[in-house]
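S.K.: So that you have it, the file is data-v6.pdb, and it contains PDB, C-alpha atoms and all ligand atoms:
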MODEL        1
ATOM      1  CA  MET J   1     110.679  39.123 107.956  1.00  0.00           C
ATOM      2  CA  LYS J   2     112.942  37.358 105.508  1.00  0.00           C
ATOM      3  CA  PRO J   3     113.003  39.092 102.114  1.00  0.00           C
ATOM      4  CA  ARG J   4     111.690  37.091  99.182  1.00  0.00           C
ATOM      5  CA  LYS J   5     114.207  35.854  96.658  1.00  0.00           C
ATOM      6  CA  TYR J   6     114.341  37.844  93.454  1.00  0.00           C
ATOM      7  CA  THR J   7     113.260  36.029  90.314  1.00  0.00           C
ATOM      8  CA  PRO J   8     115.416  36.337  87.162  1.00  0.00           C
ATOM      9  CA  ALA J   9     112.650  38.459  85.603  1.00  0.00           C
ATOM     10  CA  GLU J  10     112.716  40.833  88.572  1.00  0.00           C
ATOM     11  CA  GLU J  11     116.492  41.037  88.435  1.00  0.00           C
ATOM     12  CA  SER J  12     116.473  41.934  84.760  1.00  0.00           C
ATOM     13  CA  LEU J  13     113.746  44.508  85.396  1.00  0.00           C
ATOM     14  CA  ILE J  14     115.866  46.102  88.124  1.00  0.00           C
ATOM     15  CA  LEU J  15     118.873  46.149  85.812  1.00  0.00           C
ATOM     16  CA  ARG J  16     116.961  47.652  82.906  1.00  0.00           C
ATOM     17  CA  MET J  17     114.991  50.203  84.886  1.00  0.00           C
ATOM     18  CA  GLY J  18     117.963  51.075  87.054  1.00  0.00           C
ATOM     19  CA  ALA J  19     120.143  51.653  83.992  1.00  0.00           C
ATOM     20  CA  ALA J  20     117.340  53.780  82.509  1.00  0.00           C
ATOM     21  CA  ARG J  21     117.476  55.921  85.667  1.00  0.00           C
ATOM     22  CA  ALA J  22     113.975  55.043  86.780  1.00  0.00           C
ATOM     23  CA  PRO J  23     113.426  56.280  90.347  1.00  0.00           C
ATOM     24  CA  TRP J  24     114.202  53.579  92.943  1.00  0.00           C
ATOM     25  CA  GLU J  25     110.803  54.280  94.461  1.00  0.00           C
ATOM     26  CA  GLU J  26     109.090  53.300  91.243  1.00  0.00           C
ATOM     27  CA  ILE J  27     111.114  50.130  90.761  1.00  0.00           C
ATOM     28  CA  GLY J  28     110.486  49.216  94.364  1.00  0.00           C
ATOM     29  CA  ARG J  29     106.778  49.906  94.093  1.00  0.00           C
ATOM     30  CA  ARG J  30     106.498  47.719  91.025  1.00  0.00           C
ATOM     31  CA  LEU J  31     108.255  44.820  92.729  1.00  0.00           C
ATOM     32  CA  GLY J  32     106.751  45.339  96.159  1.00  0.00           C
ATOM     33  CA  ARG J  33     110.105  46.183  97.764  1.00  0.00           C
ATOM     34  CA  THR J  34     111.706  49.149  99.411  1.00  0.00           C
ATOM     35  CA  PRO J  35     113.692  51.624  97.280  1.00  0.00           C
ATOM     36  CA  GLY J  36     116.831  50.806  99.291  1.00  0.00           C
ATOM     37  CA  ASN J  37     116.319  47.093  98.728  1.00  0.00           C
ATOM     38  CA  VAL J  38     116.120  47.334  94.918  1.00  0.00           C
ATOM     39  CA  ARG J  39     118.971  49.800  94.844  1.00  0.00           C
ATOM     40  CA  ALA J  40     121.202  47.421  96.789  1.00  0.00           C
ATOM     41  CA  LYS J  41     120.155  44.602  94.479  1.00  0.00           C
ATOM     42  CA  PHE J  42     120.953  46.698  91.410  1.00  0.00           C
ATOM     43  CA  THR J  43     124.465  47.324  92.752  1.00  0.00           C
ATOM     44  CA  ALA J  44     124.902  43.683  93.730  1.00  0.00           C
ATOM     45  CA  LEU J  45     123.973  42.679  90.183  1.00  0.00           C
ATOM     46  CA  GLY J  46     126.728  44.934  88.874  1.00  0.00           C
ATOM     47  CA  GLY J  47     124.328  47.524  87.482  1.00  0.00           C
ATOM     48  CA  VAL J  48     125.719  50.889  86.471  1.00  0.00           C
ATOM     49  CA  ARG J  49     123.495  53.935  86.680  1.00  0.00           C
ATOM     50  CA  PRO J  50     124.344  56.399  83.911  1.00  0.00           C
ATOM     51  CA  ARG J  51     124.323  60.126  84.558  1.00  0.00           C
ATOM     52  CA  ALA J  52     121.676  61.034  82.047  1.00  0.00           C
ATOM     53  CA  THR J  53     118.808  59.177  80.462  1.00  0.00           C
ATOM     54  CA  PRO J  54     120.046  57.617  77.230  1.00  0.00           C
ATOM     55  CA  ASN J  55     118.277  58.701  74.078  1.00  0.00           C
ATOM     56  CA  TYR J  56     115.387  56.695  72.776  1.00  0.00           C
ATOM     57  CA  SER J  57     116.336  54.356  69.987  1.00  0.00           C
ATOM     58  CA  GLU J  58     114.289  54.278  66.802  1.00  0.00           C
ATOM     59  CA  SER J  59     112.848  50.903  67.725  1.00  0.00           C
ATOM     60  CA  ASP J  60     111.913  52.146  71.211  1.00  0.00           C
ATOM     61  CA  ASP J  61     110.106  55.084  69.655  1.00  0.00           C
ATOM     62  CA  ARG J  62     108.262  52.863  67.222  1.00  0.00           C
ATOM     63  CA  LEU J  63     107.252  50.516  70.013  1.00  0.00           C
ATOM     64  CA  ILE J  64     106.024  53.398  72.206  1.00  0.00           C
ATOM     65  CA  LEU J  65     104.040  54.908  69.361  1.00  0.00           C
ATOM     66  CA  GLU J  66     102.542  51.727  67.935  1.00  0.00           C
ATOM     67  CA  GLN J  67     101.788  49.898  71.145  1.00  0.00           C
ATOM     68  CA  GLY J  68     100.560  53.101  72.772  1.00  0.00           C
ATOM     69  CA  ALA J  69      98.155  53.725  69.898  1.00  0.00           C
ATOM     70  CA  ALA J  70      97.065  50.087  70.060  1.00  0.00           C
ATOM     71  CA  GLY J  71      95.968  50.675  73.648  1.00  0.00           C
ATOM     72  CA  ARG J  72      98.571  48.512  75.356  1.00  0.00           C
ATOM     73  CA  SER J  73      99.086  49.546  78.958  1.00  0.00           C
ATOM     74  CA  PHE J  74     101.805  52.148  79.419  1.00  0.00           C
ATOM     75  CA  ASP J  75     103.124  50.125  82.334  1.00  0.00           C
ATOM     76  CA  LYS J  76     103.844  47.232  79.987  1.00  0.00           C
ATOM     77  CA  ILE J  77     105.393  49.486  77.362  1.00  0.00           C
ATOM     78  CA  ALA J  78     107.548  51.153  80.016  1.00  0.00           C
ATOM     79  CA  GLU J  79     108.740  47.754  81.126  1.00  0.00           C
ATOM     80  CA  ALA J  80     109.535  46.757  77.547  1.00  0.00           C
ATOM     81  CA  VAL J  81     111.733  49.803  76.929  1.00  0.00           C
ATOM     82  CA  GLY J  82     113.104  50.037  80.465  1.00  0.00           C
ATOM     83  CA  ARG J  83     111.676  53.465  81.286  1.00  0.00           C
ATOM     84  CA  THR J  84     109.218  54.894  83.720  1.00  0.00           C
ATOM     85  CA  ARG J  85     105.533  54.948  82.869  1.00  0.00           C
ATOM     86  CA  GLY J  86     105.503  58.747  83.005  1.00  0.00           C
ATOM     87  CA  ALA J  87     108.458  59.031  80.635  1.00  0.00           C
ATOM     88  CA  VAL J  88     106.823  56.697  78.134  1.00  0.00           C
ATOM     89  CA  ILE J  89     103.524  58.594  78.217  1.00  0.00           C
ATOM     90  CA  THR J  90     105.333  61.886  77.641  1.00  0.00           C
ATOM     91  CA  ARG J  91     107.309  60.317  74.811  1.00  0.00           C
ATOM     92  CA  HIS J  92     104.180  58.817  73.241  1.00  0.00           C
ATOM     93  CA  TYR J  93     102.488  62.199  72.950  1.00  0.00           C
ATOM     94  CA  SER J  94     105.622  64.089  71.963  1.00  0.00           C
ATOM     95  CA  LEU J  95     105.943  61.632  69.062  1.00  0.00           C
ATOM     96  CA  GLY J  96     102.471  62.663  67.949  1.00  0.00           C
ATOM     97  CA  GLY J  97     100.663  59.713  69.529  1.00  0.00           C
ATOM     98  CA  LYS J  98      96.913  60.030  69.715  1.00  0.00           C
ATOM     99  CA  PRO J  99      95.174  60.466  73.053  1.00  0.00           C
ATOM    100  CA  ARG J 100      93.520  57.204  73.858  1.00  0.00           C
ATOM    101  CA  VAL J 101      91.223  55.492  76.276  1.00  0.00           C
ATOM    102  CA  GLN J 102      93.414  54.067  78.969  1.00  0.00           C
ATOM    103  CA  ARG J 103      92.866  50.577  80.133  1.00  0.00           C
ATOM    104  CA  HIS J 104      93.500  49.816  83.749  1.00  0.00           C
ATOM    105  CA  ALA J 105      94.563  46.557  85.285  1.00  0.00           C
ATOM    106  CA  GLY J 106      91.029  46.010  86.553  1.00  0.00           C
ATOM    107  CA  GLY J 107      89.471  46.424  83.123  1.00  0.00           C
ATOM    108  CA  ARG J 108      88.097  49.326  81.135  1.00  0.00           C
ATOM    109  CA  LYS J 109      87.130  52.445  82.965  1.00  0.00           C
ATOM    110  CA  LYS J 110      83.413  53.166  82.900  1.00  0.00           C
ATOM    111  CA  SER J 111      82.594  56.140  80.727  1.00  0.00           C
ATOM    112  CA  LYS J 112      80.486  57.943  83.330  1.00  0.00           C
ATOM    113  CA  THR J 113      83.061  57.778  86.116  1.00  0.00           C
ATOM    114  CA  LYS J 114      84.446  61.016  87.424  1.00  0.00           C
ATOM    115  CA  ILE J 115      86.996  61.715  90.105  1.00  0.00           C
ATOM    116  CA  ARG J 116      85.252  62.993  93.244  1.00  0.00           C
ATOM    117  CA  VAL J 117      86.375  63.598  96.796  1.00  0.00           C
ATOM    118  CA  CYS J 118      85.039  61.104  99.303  1.00  0.00           C
ATOM    119  CA  LEU J 119      82.846  62.774 101.928  1.00  0.00           C
ATOM    120  CA  ARG J 120      84.231  60.527 104.649  1.00  0.00           C
ATOM    121  CA  CYS J 121      87.968  60.299 104.088  1.00  0.00           C
ATOM    122  CA  ASP J 122      88.616  63.252 101.717  1.00  0.00           C
ATOM    123  CA  ARG J 123      90.467  61.032  99.270  1.00  0.00           C
ATOM    124  CA  ASN J 124      89.926  61.160  95.526  1.00  0.00           C
ATOM    125  CA  PHE J 125      88.141  58.181  94.032  1.00  0.00           C
ATOM    126  CA  PRO J 126      86.421  57.338  90.723  1.00  0.00           C
ATOM    127  CA  SER J 127      82.787  58.119  91.368  1.00  0.00           C
ATOM    128  CA  ARG J 128      79.994  56.444  89.407  1.00  0.00           C
ATOM    129  CA  GLY J 129      77.819  59.548  89.517  1.00  0.00           C
ATOM    130  CA  ILE J 130      76.725  62.551  91.557  1.00  0.00           C
ATOM    131  CA  PHE J 131      74.934  60.224  93.999  1.00  0.00           C
ATOM    132  CA  ASN J 132      78.144  58.293  94.631  1.00  0.00           C
ATOM    133  CA  ARG J 133      80.050  60.413  97.136  1.00  0.00           C
ATOM    134  CA  ILE J 134      81.606  57.767  99.378  1.00  0.00           C
ATOM    135  CA  CYS J 135      84.695  55.902  98.161  1.00  0.00           C
ATOM    136  CA  PRO J 136      84.574  52.070  97.911  1.00  0.00           C
ATOM    137  CA  ASN J 137      86.844  51.752 100.962  1.00  0.00           C
ATOM    138  CA  CYS J 138      84.553  53.797 103.177  1.00  0.00           C
ATOM    139  CA  SER J 139      81.328  52.262 101.885  1.00  0.00           C
ATOM    140  CA  GLU J 140      82.780  48.817 102.519  1.00  0.00           C
ATOM    141  CA  ALA J 141      83.715  49.816 106.073  1.00  0.00           C
ATOM    142  CA  ASN J 142      80.212  51.205 106.457  1.00  0.00           C
ATOM    143  CA  SER J 143      78.482  47.990 105.394  1.00  0.00           C
ATOM    144  CA  ARG J 144      80.750  46.019 107.727  1.00  0.00           C
ATOM    145  CA  VAL J 145      79.595  48.146 110.653  1.00  0.00           C
ATOM    146  CA  VAL J 146      75.965  47.578 109.660  1.00  0.00           C
ATOM    147  CA  MET J 147      76.598  43.831 109.548  1.00  0.00           C
ATOM    148  CA  GLU J 148      78.187  43.887 112.994  1.00  0.00           C
ATOM    149  CA  ILE J 149      75.267  45.810 114.477  1.00  0.00           C
ATOM    150  CA  HIS J 150      72.902  43.391 112.805  1.00  0.00           C
ATOM    151  CA  ASP J 151      74.781  40.422 114.238  1.00  0.00           C
ATOM    152  CA  SER J 152      74.879  41.799 117.765  1.00  0.00           C
ATOM    153  CA  VAL J 153      71.165  42.614 117.672  1.00  0.00           C
ATOM    154  CA  ALA J 154      70.408  39.138 116.374  1.00  0.00           C
ATOM    155  CA  GLY J 155      72.576  37.684 119.172  1.00  0.00           C
ATOM    156  CA  THR J 156      70.522  39.328 121.922  1.00  0.00           C
ATOM    157  CA  VAL J 157      67.220  37.836 120.718  1.00  0.00           C
TER
HETATM  158 ZN    ZN J 201      86.493  57.346 101.698  1.00  0.00          ZN
ENDMDL
END
Could you take the file, read its structure, and then write that structure out as structure tokens?
Ligand SMILES: [Zn+2]

M.R.:
Amino acid sequence: MKPRKYTPAEESLILRMGAARAPWEEIGRRLGRTPGNVRAKFTALGGVRPRATPNYSESDDRLILEQGAAGRSFDKIAEAVGRTRGAVITRHYSLGGKPRVQRHAGGRKKSKTKIRVCLRCDRNFPSRGIFNRICPNCSEANSRVVMEIHDSVAGTV
């Protein structure tokens, strides 16, 4: 498979995150590429990876604190300051940032949801309540099977 061309925005993200010592895995995950691929690209772009994480500038700190408190996604903030999401979250709270309701890409998390272990696949998933013990993946697979059975029964009539 031929690799997609990098967009200028992706290239600048690789340069910024790479220079901020973000793990190659994380950069790759964000861009849908392999760690080796983004690393090679970083080098090809002339990026230099410093030995230690540079200190946060005053404006970075302000941005992390203000935007974090305003409920902006930590992913976006991390991108803006060229750090990892985890680093930005740690920084936000170490600066005295208030705990906040986190918004996810798919919208606001429902208040009653709780992480439970799926009875079928043993993976953690956000459960809607004590009655909800099968993760969305498994329940989808389940309803597909039911549909198939239904179809084959209907076909024999
Ligand atoms: Zn499951």

S.K.: I'd like the contact shell of region 16-31 of chain J - 12 Å cut-off, all atoms listed in the file, skipping same-chain residues fewer than 3 positions apart - returned as number ranges by chain.

M.R.: J: 3-7, 9-13, 34-43, 45-56, 75-76, 78-88

S.K.: Step by step, work through what the PyMOL selection byres (((not hetatm)) within 9 of (chain J and resi 201)) selects in the shown file, and finish by giving those residues as a short mmCIF file (atom, residue, chain, number, x, y, z; two decimals) with C-alpha atoms, in the coordinates of the input.

M.R.:
data_model
loop_
_atom_site.label_atom_id
_atom_site.label_comp_id
_atom_site.auth_asym_id
_atom_site.auth_seq_id
_atom_site.Cartn_x
_atom_site.Cartn_y
_atom_site.Cartn_z
CA VAL J 117 86.38 63.60 96.80
CA CYS J 118 85.04 61.10 99.30
CA LEU J 119 82.85 62.77 101.93
CA ARG J 120 84.23 60.53 104.65
CA CYS J 121 87.97 60.30 104.09
CA ASP J 122 88.62 63.25 101.72
CA ARG J 123 90.47 61.03 99.27
CA ASN J 124 89.93 61.16 95.53
CA PHE J 125 88.14 58.18 94.03
CA ARG J 133 80.05 60.41 97.14
CA ILE J 134 81.61 57.77 99.38
CA CYS J 135 84.70 55.90 98.16
CA PRO J 136 84.57 52.07 97.91
CA ASN J 137 86.84 51.75 100.96
CA CYS J 138 84.55 53.80 103.18
CA SER J 139 81.33 52.26 101.88
#

S.K.: Point out the residue among J:Leu95, J:Ile130, J:Ala44, J:Ala141 with the least atom-to-atom distance to Ile64 (chain J), counting only C-alpha atoms.

M.R.: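 Checking each candidate against Ile64 (chain J), we get J:Leu95 as the closest.
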
S.K.: What is the distance between CA of Thr90 (chain J) and CA of Ile14 (chain J), in Å to one decimal?

M.R.: 21.7 Å

S.K.: By how many Å are CA of Glu140 (chain J) and CA of Thr113 (chain J) apart?

M.R.: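 Between CA of Glu140 (chain J) and CA of Thr113 (chain J) the gap works out to 18.7 Å.
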
S.K.: To one decimal place in Å, what is the distance between CA of Gly97 (chain J) and CA of Gln67 (chain J)?

M.R.: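 Computing the Euclidean distance for CA of Gly97 (chain J) and CA of Gln67 (chain J) yields 10.0 Å.
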
S.K.: Go through J:Arg72, J:Lys98, J:Arg116, J:His92 one by one, measure the shortest atom-to-atom distance of each to Arg128 (chain J) using only C-alpha atoms, and give the residue with the smallest value.

M.R.: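 Checking each candidate against Arg128 (chain J), we get J:Arg116 as the closest.
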
S.K.: Edge lengths and centre in Å to one decimal, as JSON, of the axis-aligned box that encloses all listed atoms of region 29-45 of chain J with 5 Å added on every side?

M.R.:
{"center_x": 115.7, "center_y": 47.2, "center_z": 94.8, "size_x": 28.4, "size_y": 18.9, "size_z": 19.2}

S.K.: Between J:Pro126, J:Asn132, J:Gly96, J:Ile89, which one has atoms that come closest to Ser73 (chain J), using only C-alpha atoms?

M.R.: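 Counting only C-alpha atoms, the residue closest to Ser73 (chain J) is J:Ile89.
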